[in-house]
Amino acid sequence: MENINIGKKVEKYRTAKGLSSRELAKLAEITPSMLSQIERGLANPSIQTLKVLAKALEVPTFSFLLEETKTEDLVVRSNERKKMVVENLSYELLSPDFTGTLATAIMNVPPNTSSSEKLLAHRGEEVAFVLEGNIKVFLDNEEYILETGDSVKIPGYMKHKWENNFNKNAVILFSVTPPAF
């Protein structure tokens, strides 16, 4: 909650709509002085005041309460990726973290390696793209060999596993929503 500045958000929405302080105050039926204090962070608006401001600005009331995202936290440098090794597989997280509704990672599957002994399922829906090599993917009772440039969508709860029984490393780019490994 430390990154929330309601007054700055009110001001941002007001200027985006091309409204002056006086015009917004009139629409929201509050005094220009009160609006000025809210925008400068000198007064905290009541929930009712937030509702009328939201209606006047044509934005959802909750939009004033969302934390600001620092744009620098959205960038992941290649040398700063979070890495995870599970058995012989390695994963590099391309997303900054597992917050939100989507995560993207690169999975490296060495030759003669499988993602698991048996088919596994999770609630997340996946889309995977083969960046390098070949990989066998098992989807329920079917198996498919994917080559560089091929992709697959794996619905949530579908049993699946990856197997590299080829002589070259396979590199898979995948996204999963919600983030679940």
# chains A, B, ... in the order shown; residues from 1 in each chain; ligands from 1

$ residues_around --residues "stretch 84-100 of chain A" --least-positions-apart "4" --cutoff "8 Å" --atoms "only C-alpha atoms" --output "list of chain:residue names"
A:Asp73, A:Leu74, A:Val75, A:Val76, A:Thr104, A:Ala105, A:Ile106, A:Met107, A:Asn108, A:Val109, A:Pro110, A:Thr113, A:Ser115, A:Pro178, A:Pro179

$ residues_around --residues "A:Trp162" --least-positions-apart "3" --cutoff "8 Å" --atoms "only C-alpha atoms" --output "list in words"
Ser114, Ser115, Ser116, Ile135, Lys136, Val137 and Phe138 of chain A

$ residues_around --residues "A:Phe64" --least-positions-apart "5" --cutoff "8 Å" --atoms "only C-alpha atoms" --output "MDAnalysis selection string"
chainID A and resid 4:6 9:10 50

$ select_by_dssp --residues "stretch 65-109 of chain A" --states "helix (DSSP H, G or I)" --output "PyMOL selection string"
chain A and resi 65+71-74+78-80

$ closest_residue --among "A:Glu126, A:Glu29, A:Glu132, A:Glu67" --to "A:Phe166" --atoms "only C-alpha atoms"
A:Glu132

$ decode --residues "stretch 134-169 of chain A" --atoms "N, CA and C atoms" --output "CSV table (one decimal), in the first residue's frame"
chain,number,residue,atom,x,y,z
A,134,ASN,N,14.5,-30.7,-30.7
A,134,ASN,CA,13.3,-31.5,-30.8
A,134,ASN,C,12.9,-32.0,-29.5
A,135,ILE,N,11.6,-32.1,-29.2
A,135,ILE,CA,11.1,-32.6,-27.9
A,135,ILE,C,9.8,-33.4,-28.2
A,136,LYS,N,9.7,-34.4,-27.4
A,136,LYS,CA,8.4,-35.2,-27.4
A,136,LYS,C,7.5,-34.7,-26.3
A,137,VAL,N,6.3,-34.4,-26.6
A,137,VAL,CA,5.3,-34.0,-25.6
A,137,VAL,C,4.2,-35.0,-25.5
A,138,PHE,N,3.9,-35.4,-24.3
A,138,PHE,CA,2.8,-36.3,-24.1
A,138,PHE,C,1.6,-35.5,-23.6
A,139,LEU,N,0.5,-35.7,-24.3
A,139,LEU,CA,-0.8,-35.0,-23.9
A,139,LEU,C,-1.8,-36.1,-23.7
A,140,ASP,N,-2.2,-36.3,-22.5
A,140,ASP,CA,-3.1,-37.4,-22.1
A,140,ASP,C,-2.5,-38.7,-22.7
A,141,ASN,N,-3.2,-39.3,-23.6
A,141,ASN,CA,-2.8,-40.6,-24.1
A,141,ASN,C,-2.1,-40.5,-25.5
A,142,GLU,N,-1.8,-39.3,-25.9
A,142,GLU,CA,-1.2,-39.1,-27.2
A,142,GLU,C,0.2,-38.5,-27.0
A,143,GLU,N,1.1,-38.8,-28.0
A,143,GLU,CA,2.4,-38.2,-28.0
A,143,GLU,C,2.8,-37.5,-29.3
A,144,TYR,N,3.5,-36.4,-29.2
A,144,TYR,CA,3.8,-35.6,-30.4
A,144,TYR,C,5.3,-35.2,-30.4
A,145,ILE,N,5.9,-35.3,-31.5
A,145,ILE,CA,7.3,-34.8,-31.6
A,145,ILE,C,7.2,-33.4,-32.2
A,146,LEU,N,7.7,-32.4,-31.4
A,146,LEU,CA,7.7,-31.0,-31.8
A,146,LEU,C,9.2,-30.7,-32.2
A,147,GLU,N,9.3,-29.9,-33.3
A,147,GLU,CA,10.5,-29.5,-33.8
A,147,GLU,C,10.7,-28.0,-33.6
A,148,THR,N,11.9,-27.4,-33.8
A,148,THR,CA,12.1,-26.0,-33.7
A,148,THR,C,11.1,-25.2,-34.5
A,149,GLY,N,10.4,-24.3,-33.8
A,149,GLY,CA,9.4,-23.5,-34.4
A,149,GLY,C,8.0,-24.0,-34.2
A,150,ASP,N,7.8,-25.2,-33.7
A,150,ASP,CA,6.5,-25.7,-33.4
A,150,ASP,C,6.1,-25.2,-32.0
A,151,SER,N,4.7,-25.3,-31.8
A,151,SER,CA,4.2,-24.8,-30.5
A,151,SER,C,3.0,-25.8,-30.1
A,152,VAL,N,2.7,-25.7,-28.9
A,152,VAL,CA,1.6,-26.5,-28.4
A,152,VAL,C,0.8,-25.7,-27.3
A,153,LYS,N,-0.5,-25.9,-27.2
A,153,LYS,CA,-1.3,-25.3,-26.1
A,153,LYS,C,-1.7,-26.5,-25.3
A,154,ILE,N,-1.5,-26.3,-24.0
A,154,ILE,CA,-1.9,-27.4,-23.0
A,154,ILE,C,-2.9,-26.8,-22.1
A,155,PRO,N,-4.2,-27.2,-22.2
A,155,PRO,CA,-5.2,-26.7,-21.3
A,155,PRO,C,-5.0,-27.1,-19.9
A,156,GLY,N,-5.5,-26.3,-19.0
A,156,GLY,CA,-5.4,-26.6,-17.5
A,156,GLY,C,-5.9,-28.0,-17.2
A,157,TYR,N,-5.2,-28.6,-16.3
A,157,TYR,CA,-5.6,-30.0,-15.8
A,157,TYR,C,-5.3,-31.1,-16.8
A,158,MET,N,-4.8,-30.8,-18.0
A,158,MET,CA,-4.5,-31.9,-19.0
A,158,MET,C,-3.2,-32.5,-18.5
A,159,LYS,N,-3.2,-33.8,-18.4
A,159,LYS,CA,-2.0,-34.6,-18.0
A,159,LYS,C,-1.0,-34.5,-19.2
A,160,HIS,N,0.3,-34.1,-18.8
A,160,HIS,CA,1.3,-34.0,-19.8
A,160,HIS,C,2.7,-34.2,-19.3
A,161,LYS,N,3.7,-34.4,-20.1
A,161,LYS,CA,5.1,-34.4,-19.8
A,161,LYS,C,5.9,-34.2,-21.0
A,162,TRP,N,7.2,-33.8,-20.8
A,162,TRP,CA,8.1,-33.5,-21.8
A,162,TRP,C,9.2,-34.6,-21.8
A,163,GLU,N,9.7,-35.0,-23.0
A,163,GLU,CA,10.7,-36.0,-23.0
A,163,GLU,C,11.7,-35.7,-24.2
A,164,ASN,N,13.0,-35.6,-23.8
A,164,ASN,CA,14.0,-35.4,-24.9
A,164,ASN,C,14.8,-36.6,-25.0
A,165,ASN,N,14.4,-37.5,-26.0
A,165,ASN,CA,15.2,-38.7,-26.2
A,165,ASN,C,15.9,-38.5,-27.5
A,166,PHE,N,16.3,-37.3,-27.8
A,166,PHE,CA,17.1,-37.0,-29.0
A,166,PHE,C,18.6,-36.7,-28.5
A,167,ASN,N,19.5,-36.5,-29.4
A,167,ASN,CA,20.9,-36.3,-29.0
A,167,ASN,C,21.3,-34.8,-28.9
A,168,LYS,N,20.3,-33.9,-28.9
A,168,LYS,CA,20.6,-32.5,-28.8
A,168,LYS,C,19.7,-31.8,-27.7
A,169,ASN,N,20.2,-30.8,-27.1
A,169,ASN,CA,19.5,-30.1,-26.0
A,169,ASN,C,18.2,-29.5,-26.7
